[in-house]
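Trainee: To be precise about what I am sending: the file is called coords28.csv and holds CSV, C-alpha atoms and all ligand atoms.
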```
chain,number,residue,atom,x,y,z
A,19,MET,CA,14.0,17.4,-14.1
A,20,GLU,CA,12.2,15.8,-17.0
A,21,GLN,CA,15.5,14.4,-18.2
A,22,THR,CA,16.0,12.7,-14.8
A,23,ASN,CA,12.7,11.0,-15.0
A,24,GLN,CA,13.7,9.4,-18.3
A,25,MET,CA,17.1,8.3,-17.1
A,26,ARG,CA,17.5,4.6,-16.1
A,27,ASP,CA,17.9,3.8,-12.5
A,28,ILE,CA,21.4,2.5,-12.4
A,29,ARG,CA,20.3,-0.2,-9.9
A,30,SER,CA,18.1,-1.7,-12.6
A,31,LEU,CA,21.2,-2.5,-14.8
A,32,SER,CA,22.8,-5.9,-14.9
A,33,ASP,CA,26.5,-6.2,-13.9
A,34,ASP,CA,27.4,-6.5,-17.6
A,35,ASP,CA,25.4,-3.4,-18.5
A,36,ILE,CA,27.4,-1.5,-15.8
A,37,ARG,CA,30.7,-2.8,-17.1
A,38,SER,CA,29.9,-1.7,-20.7
A,39,ALA,CA,28.6,1.7,-19.4
A,40,VAL,CA,32.0,2.2,-17.6
A,41,ALA,CA,33.9,1.1,-20.7
A,42,GLN,CA,31.9,3.6,-22.8
A,43,LEU,CA,33.0,6.3,-20.4
A,44,ASP,CA,36.7,5.3,-21.1
A,45,GLN,CA,37.2,4.4,-17.5
A,46,PRO,CA,39.4,1.4,-16.4
A,47,MET,CA,37.5,-1.8,-15.5
A,48,PHE,CA,38.3,-1.6,-11.8
A,49,ARG,CA,35.9,1.3,-11.7
A,50,ALA,CA,33.1,-1.0,-12.7
A,51,THR,CA,34.0,-3.3,-9.8
A,52,GLN,CA,33.9,-0.3,-7.4
A,53,VAL,CA,30.5,0.9,-8.7
A,54,LEU,CA,29.1,-2.7,-8.3
A,55,GLU,CA,30.4,-2.8,-4.8
A,56,TRP,CA,28.7,0.4,-3.9
A,57,LEU,CA,25.5,-0.9,-5.4
A,58,HIS,CA,25.4,-4.5,-4.1
A,59,LYS,CA,27.4,-4.4,-0.9
A,60,LYS,CA,27.0,-0.9,0.4
A,61,ASN,CA,23.5,-0.2,-1.0
A,62,ALA,CA,24.4,3.3,-2.0
A,63,SER,CA,21.4,5.6,-2.8
A,64,SER,CA,23.3,8.4,-4.6
A,65,PHE,CA,26.5,8.8,-6.7
A,66,ASP,CA,27.8,11.3,-4.1
A,67,GLU,CA,28.2,8.4,-1.6
A,68,MET,CA,30.7,6.6,-4.0
A,69,THR,CA,33.6,8.5,-2.4
A,70,ASN,CA,36.3,6.4,-3.9
A,71,LEU,CA,35.3,7.4,-7.5
A,72,PRO,CA,36.7,10.5,-9.0
A,73,LYS,CA,34.3,13.4,-8.8
A,74,SER,CA,34.3,13.8,-12.6
A,75,PHE,CA,33.4,10.2,-13.1
A,76,ARG,CA,30.5,10.5,-10.6
A,77,THR,CA,29.3,13.5,-12.5
A,78,GLN,CA,29.4,11.5,-15.8
A,79,LEU,CA,27.4,8.7,-14.2
A,80,ALA,CA,24.9,11.2,-12.7
A,81,GLU,CA,24.4,12.7,-16.2
A,82,ARG,CA,23.4,9.3,-17.6
A,83,PHE,CA,21.7,7.4,-14.8
A,84,SER,CA,19.4,8.1,-11.9
A,85,PHE,CA,18.8,6.7,-8.4
A,86,ALA,CA,15.1,6.4,-8.2
A,87,VAL,CA,15.0,6.0,-4.5
A,88,PRO,CA,11.6,6.5,-2.8
A,89,ARG,CA,10.9,9.8,-1.0
A,90,GLN,CA,9.8,9.7,2.6
A,91,ILE,CA,6.5,11.6,2.8
A,92,ALA,CA,5.8,10.9,6.4
A,93,GLN,CA,7.0,9.0,9.4
A,94,GLN,CA,5.3,8.0,12.6
A,95,ILE,CA,7.0,6.5,15.7
A,96,SER,CA,5.1,4.3,18.0
A,97,ARG,CA,5.5,4.1,21.8
A,98,ASP,CA,6.9,0.6,21.3
A,99,ARG,CA,9.6,2.2,18.9
A,100,THR,CA,8.0,0.7,15.8
A,101,ARG,CA,8.4,3.2,12.9
A,102,LYS,CA,5.9,3.5,10.1
A,103,TYR,CA,6.9,5.2,6.8
A,104,LEU,CA,4.9,6.6,3.9
A,105,LEU,CA,7.2,6.3,0.9
A,106,GLU,CA,6.6,7.8,-2.5
A,107,PHE,CA,8.0,6.4,-5.7
A,108,SER,CA,9.0,8.5,-8.7
A,109,ASP,CA,5.6,8.2,-10.4
A,110,GLY,CA,3.8,9.6,-7.3
A,111,VAL,CA,2.4,6.3,-6.0
A,112,SER,CA,3.1,5.6,-2.4
A,113,VAL,CA,3.3,2.6,0.0
A,114,GLU,CA,3.7,2.1,3.6
A,115,ALA,CA,6.5,0.2,5.3
A,116,VAL,CA,7.1,-0.5,8.9
A,117,GLY,CA,10.4,-1.0,10.9
A,118,ILE,CA,10.0,-3.2,14.0
A,119,PRO,CA,13.0,-3.2,16.4
A,120,GLY,CA,13.6,-6.0,18.8
A,121,ARG,CA,16.5,-7.2,21.0
A,122,GLY,CA,19.4,-7.2,18.5
A,123,LYS,CA,17.0,-7.5,15.7
A,124,LEU,CA,15.3,-5.3,13.2
A,125,THR,CA,12.3,-6.6,11.2
A,126,ALA,CA,11.1,-4.8,8.1
A,127,CYS,CA,7.4,-5.2,7.1
A,128,ILE,CA,7.1,-4.2,3.5
A,129,SER,CA,4.4,-3.7,0.8
A,130,THR,CA,4.4,-5.7,-2.4
A,131,GLN,CA,1.6,-3.6,-3.9
A,132,ALA,CA,0.4,0.0,-3.5
A,133,GLY,CA,-3.0,-0.8,-2.1
A,134,CYS,CA,-4.5,-4.2,-2.6
A,135,GLY,CA,-7.3,-5.7,-4.7
A,136,MET,CA,-8.2,-8.6,-2.3
A,137,ARG,CA,-10.9,-6.6,-0.4
A,138,CYS,CA,-10.4,-8.4,3.0
A,139,ALA,CA,-13.1,-7.1,5.3
A,140,PHE,CA,-10.8,-6.5,8.3
A,141,CYS,CA,-8.1,-4.6,6.4
A,142,ALA,CA,-7.8,-0.9,5.8
A,143,THR,CA,-5.6,-1.5,2.7
A,144,GLY,CA,-8.1,-3.9,1.1
A,145,LEU,CA,-11.0,-1.4,1.5
A,146,ALA,CA,-9.0,1.3,-0.3
A,147,GLY,CA,-8.4,-0.8,-3.5
A,148,LEU,CA,-5.3,-1.4,-5.7
A,149,ALA,CA,-3.2,1.4,-7.2
A,150,ARG,CA,-0.5,-0.8,-8.8
A,151,SER,CA,2.0,-3.5,-8.0
A,152,CYS,CA,5.5,-2.7,-6.8
A,153,THR,CA,8.7,-3.7,-8.6
A,154,ALA,CA,11.3,-5.8,-6.9
A,155,ARG,CA,13.5,-2.8,-6.7
A,156,GLU,CA,10.7,-0.8,-4.9
A,157,MET,CA,10.3,-3.6,-2.4
A,158,VAL,CA,14.1,-3.8,-1.7
A,159,ASP,CA,14.2,0.0,-1.4
A,160,GLN,CA,11.6,-0.1,1.4
A,161,VAL,CA,14.0,-2.4,3.3
A,162,LEU,CA,17.0,-0.2,2.6
A,163,HIS,CA,15.0,2.9,3.8
A,164,ILE,CA,14.3,1.2,7.1
A,165,ALA,CA,17.9,0.1,7.5
A,166,ARG,CA,19.1,3.6,6.9
A,167,ASP,CA,16.6,5.2,9.2
A,168,PHE,CA,17.4,2.9,12.1
A,169,ASN,CA,21.1,2.9,11.1
A,170,GLU,CA,21.0,-0.8,11.7
A,171,ARG,CA,21.1,-4.0,9.7
A,172,VAL,CA,17.6,-5.4,8.8
A,173,THR,CA,17.7,-9.0,10.1
A,174,SER,CA,14.4,-10.2,8.8
A,175,VAL,CA,11.7,-9.1,6.3
A,176,VAL,CA,8.1,-10.0,6.3
A,177,PHE,CA,6.1,-9.3,3.1
A,178,MET,CA,3.0,-8.5,5.1
A,179,GLY,CA,2.4,-4.8,4.4
A,180,GLN,CA,0.1,-3.6,1.7
A,181,GLY,CA,-0.8,-6.0,-1.1
A,182,GLU,CA,-1.0,-9.7,-1.9
A,183,PRO,CA,2.5,-10.9,-2.7
A,184,PHE,CA,1.3,-13.8,-4.9
A,185,ALA,CA,-0.7,-11.4,-7.0
A,186,ASN,CA,2.7,-10.0,-7.9
A,187,PHE,CA,4.6,-13.3,-7.8
A,188,ASP,CA,7.6,-12.7,-10.1
A,189,GLU,CA,8.6,-9.4,-8.6
A,190,THR,CA,8.2,-10.7,-5.1
A,191,VAL,CA,10.6,-13.6,-5.8
A,192,ARG,CA,13.1,-11.2,-7.4
A,193,ALA,CA,13.0,-9.1,-4.3
A,194,LEU,CA,13.4,-12.1,-2.0
A,195,ARG,CA,16.5,-13.2,-4.0
A,196,THR,CA,18.0,-9.7,-3.9
A,197,LEU,CA,17.5,-9.5,-0.1
A,198,ASN,CA,19.0,-13.0,0.2
A,199,ASP,CA,22.0,-12.3,-2.1
A,200,PRO,CA,25.3,-13.0,-0.3
A,201,ARG,CA,26.8,-10.0,-2.2
A,202,GLY,CA,24.2,-7.7,-0.7
A,203,LEU,CA,22.0,-7.6,2.4
A,204,LYS,CA,22.6,-11.4,3.0
A,205,ILE,CA,19.3,-11.9,4.9
A,206,GLY,CA,18.9,-15.6,5.5
A,207,ALA,CA,16.1,-17.2,3.4
A,208,ARG,CA,14.3,-18.5,6.6
A,209,HIS,CA,14.2,-14.9,7.8
A,210,LEU,CA,12.3,-13.8,4.7
A,211,THR,CA,8.6,-14.5,5.1
A,212,VAL,CA,5.9,-14.1,2.5
A,213,SER,CA,2.3,-13.9,3.6
A,214,THR,CA,-0.5,-14.8,1.3
A,215,CYS,CA,-4.2,-14.9,1.8
A,216,GLY,CA,-4.3,-18.2,0.1
A,217,ILE,CA,-3.6,-17.9,-3.7
A,218,ILE,CA,-3.1,-21.6,-4.5
A,219,PRO,CA,-1.1,-21.3,-7.8
A,220,GLY,CA,1.3,-19.0,-5.8
A,221,ILE,CA,1.6,-21.5,-3.0
A,222,ARG,CA,2.5,-24.3,-5.5
A,223,ALA,CA,5.0,-22.1,-7.3
A,224,PHE,CA,6.5,-21.0,-4.0
A,225,ALA,CA,7.0,-24.6,-3.0
A,226,LYS,CA,9.1,-25.2,-6.1
A,227,LEU,CA,11.6,-22.4,-5.3
A,228,PRO,CA,15.0,-23.9,-4.2
A,229,GLU,CA,15.5,-21.3,-1.4
A,230,GLN,CA,14.1,-21.9,2.0
A,231,PHE,CA,11.9,-18.8,2.2
A,232,THR,CA,9.2,-18.9,4.8
A,233,LEU,CA,5.5,-19.1,4.0
A,234,ALA,CA,2.7,-17.6,6.1
A,235,ILE,CA,-1.0,-18.1,5.3
A,236,SER,CA,-3.6,-15.6,6.4
A,237,LEU,CA,-6.2,-18.2,7.5
A,238,HIS,CA,-8.4,-16.2,9.8
A,239,SER,CA,-11.2,-18.8,9.6
A,240,ALA,CA,-11.6,-22.5,8.7
A,241,SER,CA,-15.3,-22.2,8.1
A,242,GLN,CA,-16.0,-21.5,4.4
A,243,GLN,CA,-18.8,-19.1,4.9
A,244,THR,CA,-16.9,-16.9,7.4
A,245,ARG,CA,-13.8,-17.0,5.3
A,246,ASN,CA,-15.7,-15.9,2.2
A,247,GLN,CA,-17.1,-13.0,4.1
A,248,LEU,CA,-13.8,-12.0,5.6
A,249,MET,CA,-11.7,-12.7,2.5
A,250,PRO,CA,-13.9,-12.4,-0.6
A,251,GLY,CA,-10.8,-12.2,-2.9
A,252,VAL,CA,-9.9,-15.8,-2.4
A,253,LYS,CA,-13.4,-17.3,-2.4
A,254,LYS,CA,-12.5,-19.5,-5.4
A,255,TYR,CA,-9.6,-21.1,-3.5
A,256,THR,CA,-11.8,-23.0,-1.1
A,257,LEU,CA,-10.6,-24.4,2.2
A,258,PRO,CA,-10.4,-28.0,1.0
A,259,ARG,CA,-8.2,-26.9,-1.9
A,260,LEU,CA,-6.1,-24.7,0.4
A,261,TYR,CA,-5.7,-27.6,2.7
A,262,GLU,CA,-4.5,-29.8,-0.1
A,263,ALA,CA,-2.1,-27.2,-1.5
A,264,LEU,CA,-0.6,-26.8,2.0
A,265,GLN,CA,-0.1,-30.5,2.5
A,266,GLU,CA,1.7,-30.6,-0.9
A,267,TYR,CA,3.8,-27.6,0.2
A,268,VAL,CA,4.8,-29.4,3.4
A,269,GLU,CA,5.6,-32.6,1.5
A,270,ALA,CA,7.7,-30.8,-1.2
A,271,THR,CA,9.6,-28.6,1.1
A,272,GLY,CA,9.6,-30.2,4.6
A,273,ARG,CA,9.0,-26.7,6.0
A,274,ARG,CA,6.4,-25.6,8.5
A,275,PRO,CA,4.1,-22.9,7.2
A,276,THR,CA,2.7,-20.3,9.6
A,277,TYR,CA,-1.1,-19.8,9.8
A,278,GLU,CA,-2.1,-16.3,10.9
A,279,ILE,CA,-5.4,-15.8,12.6
A,280,ALA,CA,-6.5,-12.3,13.6
A,281,MET,CA,-9.2,-12.9,16.2
A,282,ILE,CA,-12.4,-10.9,15.6
A,283,GLU,CA,-15.0,-10.6,18.3
A,284,GLY,CA,-18.1,-12.6,17.5
A,285,ILE,CA,-16.8,-13.6,14.1
A,286,ASN,CA,-14.1,-16.2,14.4
A,287,ASP,CA,-13.9,-16.6,18.2
A,288,THR,CA,-17.1,-18.6,18.6
A,289,ASN,CA,-17.1,-22.3,19.7
A,290,PRO,CA,-17.9,-23.7,16.2
A,291,GLU,CA,-15.2,-21.4,14.6
A,292,MET,CA,-12.6,-22.6,17.1
A,293,ARG,CA,-13.5,-26.2,16.5
A,294,ALA,CA,-13.2,-25.7,12.7
A,295,ILE,CA,-9.7,-24.1,13.1
A,296,CYS,CA,-8.6,-27.0,15.3
A,297,ASP,CA,-9.9,-29.5,12.8
A,298,PHE,CA,-8.1,-27.7,9.9
A,299,CYS,CA,-4.8,-27.6,11.8
A,300,GLU,CA,-4.7,-30.9,13.6
A,301,GLY,CA,-2.2,-33.5,12.3
A,302,THR,CA,-0.6,-31.0,9.9
A,303,LEU,CA,2.8,-29.4,10.0
A,304,CYS,CA,2.1,-25.8,10.8
A,305,HIS,CA,2.6,-23.1,13.4
A,306,VAL,CA,-0.4,-21.0,14.4
A,307,ASN,CA,0.0,-17.3,15.3
A,308,LEU,CA,-3.0,-15.8,17.0
A,309,ILE,CA,-3.3,-12.0,17.1
A,310,GLN,CA,-6.0,-9.7,18.3
A,311,LEU,CA,-7.5,-7.9,15.3
A,312,SER,CA,-6.2,-4.3,15.0
A,313,ASP,CA,-9.3,-2.3,14.3
A,314,PHE,CA,-9.3,0.9,12.3
A,315,PRO,CA,-11.7,3.9,12.2
A,316,ASP,CA,-15.1,3.1,10.6
A,317,SER,CA,-14.5,-0.7,10.8
A,318,GLU,CA,-17.4,-2.7,12.1
A,319,LEU,CA,-15.0,-5.5,13.2
A,320,HIS,CA,-13.4,-5.4,16.6
A,321,PRO,CA,-10.7,-7.4,18.3
A,322,SER,CA,-11.6,-10.5,20.4
A,323,PRO,CA,-10.8,-10.2,24.1
A,324,LEU,CA,-7.5,-11.8,25.1
A,325,PHE,CA,-9.1,-14.7,26.9
A,326,LYS,CA,-10.6,-15.9,23.6
A,327,LEU,CA,-7.1,-16.1,22.1
A,328,GLU,CA,-6.0,-18.0,25.2
A,329,GLU,CA,-8.9,-20.4,24.9
A,330,LEU,CA,-8.1,-21.1,21.2
A,331,GLN,CA,-4.4,-21.5,22.0
A,332,LYS,CA,-5.3,-24.1,24.7
A,333,ARG,CA,-7.6,-26.0,22.4
A,334,LEU,CA,-5.0,-26.0,19.6
A,335,THR,CA,-2.2,-27.1,21.9
A,336,ALA,CA,-4.4,-29.9,23.2
A,337,ARG,CA,-4.8,-31.1,19.6
A,338,GLY,CA,-1.0,-31.1,19.2
A,339,VAL,CA,-0.7,-27.8,17.2
A,340,GLN,CA,2.1,-25.4,18.0
A,341,THR,CA,0.4,-22.0,18.7
A,342,THR,CA,1.7,-18.6,19.8
A,343,ILE,CA,-0.2,-15.5,20.9
A,344,ARG,CA,1.5,-12.5,19.3
A,345,CYS,CA,1.1,-8.9,20.1
A,346,SER,CA,0.7,-6.6,17.1
A,347,ARG,CA,3.3,-3.9,17.1
A,348,GLY,CA,2.7,-0.2,16.4
A,349,ALA,CA,-1.0,-0.2,16.9
A,350,ASP,CA,-1.0,3.4,18.2
A,351,ILE,CA,0.3,4.6,14.8
A,352,ASP,CA,-1.9,2.3,12.7
A,353,ALA,CA,1.1,0.2,11.8
A,354,ALA,CA,-0.3,-3.0,13.0
A,355,CYS,CA,-1.5,-5.9,10.8
A,356,GLY,CA,-4.4,-4.8,8.6
A,357,GLN,CA,-4.1,-1.1,9.4
A,358,LEU,CA,-1.8,0.0,6.6
A,359,LYS,CA,-3.2,2.2,3.9
A,360,GLN,CA,-1.8,5.0,1.9
A,361,ARG,CA,-2.6,7.8,4.2
A,362,ARG,CA,-0.9,11.0,5.2
A,363,PRO,CA,-0.9,11.6,8.9
A,364,ASN,CA,-3.9,13.5,10.1
A,365,ALA,CA,-5.7,12.6,6.8
A,366,ARG,CA,-8.2,10.1,8.1
A,401,LIG,S1,-5.1,-8.4,4.3
A,401,LIG,FE1,-3.5,-8.5,2.8
A,401,LIG,S2,-4.5,-9.5,1.1
A,401,LIG,FE2,-6.2,-8.8,2.4
A,401,LIG,S3,-6.8,-6.8,1.6
A,401,LIG,FE3,-5.3,-6.5,3.2
A,401,LIG,S4,-3.3,-6.3,2.2
A,401,LIG,FE4,-4.7,-7.3,0.8
```
Turn the structure described in the file into structure tokens.
Mentor:
Amino acid sequence: MEQTNQMRDIRSLSDDDIRSAVAQLDQPMFRATQVLEWLHKKNASSFDEMTNLPKSFRTQLAERFSFAVPRQIAQQISRDRTRKYLLEFSDGVSVEAVGIPGRGKLTACISTQAGCGMRCAFCATGLAGLARSCTAREMVDQVLHIARDFNERVTSVVFMGQGEPFANFDETVRALRTLNDPRGLKIGARHLTVSTCGIIPGIRAFAKLPEQFTLAISLHSASQQTRNQLMPGVKKYTLPRLYEALQEYVEATGRRPTYEIAMIEGINDTNPEMRAICDFCEGTLCHVNLIQLSDFPDSELHPSPLFKLEELQKRLTARGVQTTIRCSRGADIDAACGQLKQRRPNAR
């Protein structure tokens, strides 16, 4: 068992590394092509699945390399068919991922970190703190796990689970590229959405990527004092700086970022708060998503009533801002936005 832990995950090898490993095992080169196909196109998670390889060759590979796929610790299924998974990596650290089925679609909501260091007041993950960041492989593995469990192709991925993706920028970009790779899952760049709470250097670097990945900003409030209270981790990236970075992003990419606003009763649904949100958004290229906060046990923050979301939608629309009211999926299994934290079922 100890030996397995020290073996390299075959999926972390480059194509050239795999070719040389196959050559070292005195196998013909077409075997390397077959292995690469299993890894990139068929997303194999074990050597046993590679059925067109001779058994003896599979054994040789298994003696040298591992498949460090995450282990499912728990799964919960919502009334709306959303499925939440607690997945454990080989070092014992776990994350949550969520599969959200739709008509002919399957969205994966994945974690970029185990826990999160941003301490957002409305978020169960933020209150639990950061364990460690995920590798790109671990992010892709969450998507593969969901695809296997639903036995369906994942059509879009949102990086909105646990963690701040731009606090783990390089690995997040590697994962985006792997998911977008035409040799693999082929998920279109526009169907890959990264959500940040407003880390400005990350927004600037994201704008420079050649791919058309989608950007979402957790805005939540356009009044500095309220935003500081809700999202203390991004206090230094003030609203004027965020506004400027977003305009630069739009200019550089021509793409429309999404602003996410979780409506919280008495906090960001007051008249001055709504006015500040309208002022921030008016005249800029953006799409605003309004959701009711998903509260969690022990939280002092509660969702705004629906009529408040409708009022803000009306006010934004009157100012020319595209706005949608979205329902948060999987609320009955704590899989909705802001509810993810590393928790075994029944272990509240
Ligand atoms: S909302 Fe996102 S960034 Fe904020 S604490 Fe939760 S996981 Fe971290």
Trainee: Mind listing the residues within 10 Å of ligand LIG 401 (chain A), all atoms listed in the file counted, as a PyMOL selection string?
Mentor: chain A and resi 129-148+177-185+213-217+236+248-252+355-359
Trainee: With C-alpha atoms retained, could you export that selection as a short mmCIF file (atom, residue, chain, number, x, y, z; two decimals), in the coordinates of the input?
Mentor:
```
data_model
loop_
_atom_site.label_atom_id
_atom_site.label_comp_id
_atom_site.auth_asym_id
_atom_site.auth_seq_id
_atom_site.Cartn_x
_atom_site.Cartn_y
_atom_site.Cartn_z
CA SER A 129 4.40 -3.70 0.80
CA THR A 130 4.40 -5.70 -2.40
CA GLN A 131 1.60 -3.60 -3.90
CA ALA A 132 0.40 0.00 -3.50
CA GLY A 133 -3.00 -0.80 -2.10
CA CYS A 134 -4.50 -4.20 -2.60
CA GLY A 135 -7.30 -5.70 -4.70
CA MET A 136 -8.20 -8.60 -2.30
CA ARG A 137 -10.90 -6.60 -0.40
CA CYS A 138 -10.40 -8.40 3.00
CA ALA A 139 -13.10 -7.10 5.30
CA PHE A 140 -10.80 -6.50 8.30
CA CYS A 141 -8.10 -4.60 6.40
CA ALA A 142 -7.80 -0.90 5.80
CA THR A 143 -5.60 -1.50 2.70
CA GLY A 144 -8.10 -3.90 1.10
CA LEU A 145 -11.00 -1.40 1.50
CA ALA A 146 -9.00 1.30 -0.30
CA GLY A 147 -8.40 -0.80 -3.50
CA LEU A 148 -5.30 -1.40 -5.70
CA PHE A 177 6.10 -9.30 3.10
CA MET A 178 3.00 -8.50 5.10
CA GLY A 179 2.40 -4.80 4.40
CA GLN A 180 0.10 -3.60 1.70
CA GLY A 181 -0.80 -6.00 -1.10
CA GLU A 182 -1.00 -9.70 -1.90
CA PRO A 183 2.50 -10.90 -2.70
CA PHE A 184 1.30 -13.80 -4.90
CA ALA A 185 -0.70 -11.40 -7.00
CA SER A 213 2.30 -13.90 3.60
CA THR A 214 -0.50 -14.80 1.30
CA CYS A 215 -4.20 -14.90 1.80
CA GLY A 216 -4.30 -18.20 0.10
CA ILE A 217 -3.60 -17.90 -3.70
CA SER A 236 -3.60 -15.60 6.40
CA LEU A 248 -13.80 -12.00 5.60
CA MET A 249 -11.70 -12.70 2.50
CA PRO A 250 -13.90 -12.40 -0.60
CA GLY A 251 -10.80 -12.20 -2.90
CA VAL A 252 -9.90 -15.80 -2.40
CA CYS A 355 -1.50 -5.90 10.80
CA GLY A 356 -4.40 -4.80 8.60
CA GLN A 357 -4.10 -1.10 9.40
CA LEU A 358 -1.80 0.00 6.60
CA LYS A 359 -3.20 2.20 3.90
#
```
Trainee: Take atom CA of Arg333 of chain A and atom CA of Leu237 of chain A and report the distance between them in Å, one decimal.
Mentor: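 According to the coordinates, atom CA of Arg333 of chain A and atom CA of Leu237 of chain A are separated by 16.9 Å.
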Trainee: Record the distance separating atom CA of Leu308 of chain A and atom CA of Gln331 of chain A, expressed in Å with one decimal.
Mentor: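 Between atom CA of Leu308 of chain A and atom CA of Gln331 of chain A the gap works out to 7.7 Å.
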Trainee: At a cut-off of 12 Å from (35.9, 12.2, -14.0) in the coordinates of the file, what residues are picked up using only C-alpha atoms, written as a ChimeraX atom specification?
Mentor: /A:40,43-46,49,70-81
Trainee: Please provide the set of residues having any atom within 9 Å of Asp98 of chain A, restricted to all atoms listed in the file, with same-chain residues fewer than 5 positions apart removed, written as a list of chain:residue names.
Mentor: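 The residues that qualify are A:Ile118, A:Pro119, A:Arg347, A:Gly348, A:Asp350.
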Trainee: Can you list, as a list in words, every protein, DNA or RNA residue that comes within 7 Å of Ala263 of chain A when you count all atoms listed in the file, leaving out same-chain residues fewer than 5 positions away?
Mentor: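 Here the qualifying residues turn out to be Ile218, Ile221 and Arg222 of chain A.
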Trainee: Mind pulling up the distance from atom CA of Ala149 of chain A to atom CA of Gln242 of chain A?
Mentor: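 Interatomic distance, atom CA of Gln242 of chain A to atom CA of Ala149 of chain A: 28.7 Å.
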Trainee: Counting all atoms listed in the file, which of A:Leu31, A:Ala86, A:Ile235, A:Val175 gets nearest to Ile128 of chain A?
Mentor: A:Val175
Trainee: Segment 265-271 of chain A: which residues within 9 Å, counting only C-alpha atoms, same-chain residues fewer than 5 positions away excluded, as a PyMOL selection string?
Mentor: chain A and resi 221-222+224-226+228+230+260+302-304
Trainee: For Ser30 of chain A, which of A:Arg101, A:His58, A:His238, A:Lys204 is the closest residue, counting all atoms listed in the file?
Mentor: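 Counting all atoms listed in the file, the residue closest to Ser30 of chain A is A:His58.
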Trainee: Would you pick out the contacts of Gly338 of chain A at 8 Å or less, using all atoms listed in the file, so that residues sharing its chain but fewer than 3 positions from it are not included, and give the list as an MDAnalysis selection string?
Mentor: chainID A and resid 300:301 334:335
Trainee: Those residues you just picked out, can you put them in a file as a short mmCIF file (atom, residue, chain, number, x, y, z; two decimals), in the frame of the given file with C-alpha atoms?
Mentor:
```cif
data_model
loop_
_atom_site.label_atom_id
_atom_site.label_comp_id
_atom_site.auth_asym_id
_atom_site.auth_seq_id
_atom_site.Cartn_x
_atom_site.Cartn_y
_atom_site.Cartn_z
CA GLU A 300 -4.70 -30.90 13.60
CA GLY A 301 -2.20 -33.50 12.30
CA LEU A 334 -5.00 -26.00 19.60
CA THR A 335 -2.20 -27.10 21.90
#
```
Trainee: Taking into account only C-alpha atoms, which residue in the set A:Arg82, A:Phe325, A:Gly122, A:Ile205 is nearest to Gln42 of chain A?
Mentor: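 Between A:Arg82, A:Phe325, A:Gly122, A:Ile205, the residue approaching Gln42 of chain A most closely is A:Arg82.
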Trainee: Please list as number ranges by chain every residue within 7 Å of Ile91 of chain A, counting only C-alpha atoms and excluding residues in the same chain fewer than 6 positions away.
Mentor: A: 104-106
Trainee: Hey, can you spit out that residue selection with C-alpha atoms as an mmCIF file, in the frame of the given file?
Mentor:
```
data_model
loop_
_atom_site.group_PDB
_atom_site.id
_atom_site.type_symbol
_atom_site.label_atom_id
_atom_site.label_comp_id
_atom_site.auth_asym_id
_atom_site.auth_seq_id
_atom_site.Cartn_x
_atom_site.Cartn_y
_atom_site.Cartn_z
ATOM 1 C CA LEU A 104 4.900 6.600 3.900
ATOM 2 C CA LEU A 105 7.200 6.300 0.900
ATOM 3 C CA GLU A 106 6.600 7.800 -2.500
#
```
Trainee: Distance cut-off 12 Å, centre (31.9, 1.0, -2.3) in file coordinates, counting all atoms listed in the file: which residues qualify? Return them as a short mmCIF file (atom, residue, chain, number, x, y, z; two decimals) with C-alpha atoms, in the frame of the given file.
Mentor:
```cif
data_model
loop_
_atom_site.label_atom_id
_atom_site.label_comp_id
_atom_site.auth_asym_id
_atom_site.auth_seq_id
_atom_site.Cartn_x
_atom_site.Cartn_y
_atom_site.Cartn_z
CA PHE A 48 38.30 -1.60 -11.80
CA ARG A 49 35.90 1.30 -11.70
CA ALA A 50 33.10 -1.00 -12.70
CA THR A 51 34.00 -3.30 -9.80
CA GLN A 52 33.90 -0.30 -7.40
CA VAL A 53 30.50 0.90 -8.70
CA LEU A 54 29.10 -2.70 -8.30
CA GLU A 55 30.40 -2.80 -4.80
CA TRP A 56 28.70 0.40 -3.90
CA LEU A 57 25.50 -0.90 -5.40
CA HIS A 58 25.40 -4.50 -4.10
CA LYS A 59 27.40 -4.40 -0.90
CA LYS A 60 27.00 -0.90 0.40
CA ASN A 61 23.50 -0.20 -1.00
CA ALA A 62 24.40 3.30 -2.00
CA SER A 63 21.40 5.60 -2.80
CA SER A 64 23.30 8.40 -4.60
CA PHE A 65 26.50 8.80 -6.70
CA ASP A 66 27.80 11.30 -4.10
CA GLU A 67 28.20 8.40 -1.60
CA MET A 68 30.70 6.60 -4.00
CA THR A 69 33.60 8.50 -2.40
CA ASN A 70 36.30 6.40 -3.90
CA LEU A 71 35.30 7.40 -7.50
CA GLY A 202 24.20 -7.70 -0.70
#
```
Trainee: Kindly indicate which residue among A:Leu227, A:Leu264, A:Met281, A:Cys127 lies nearest to Thr100 of chain A, using all atoms listed in the file for the distances.
Mentor: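 Smallest separation from Thr100 of chain A among the options: A:Cys127.
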Trainee: Using all atoms listed in the file, which of A:Pro290, A:Gly272, A:Gly284, A:Pro88 sits nearest Val111 of chain A?
Mentor: A:Pro88
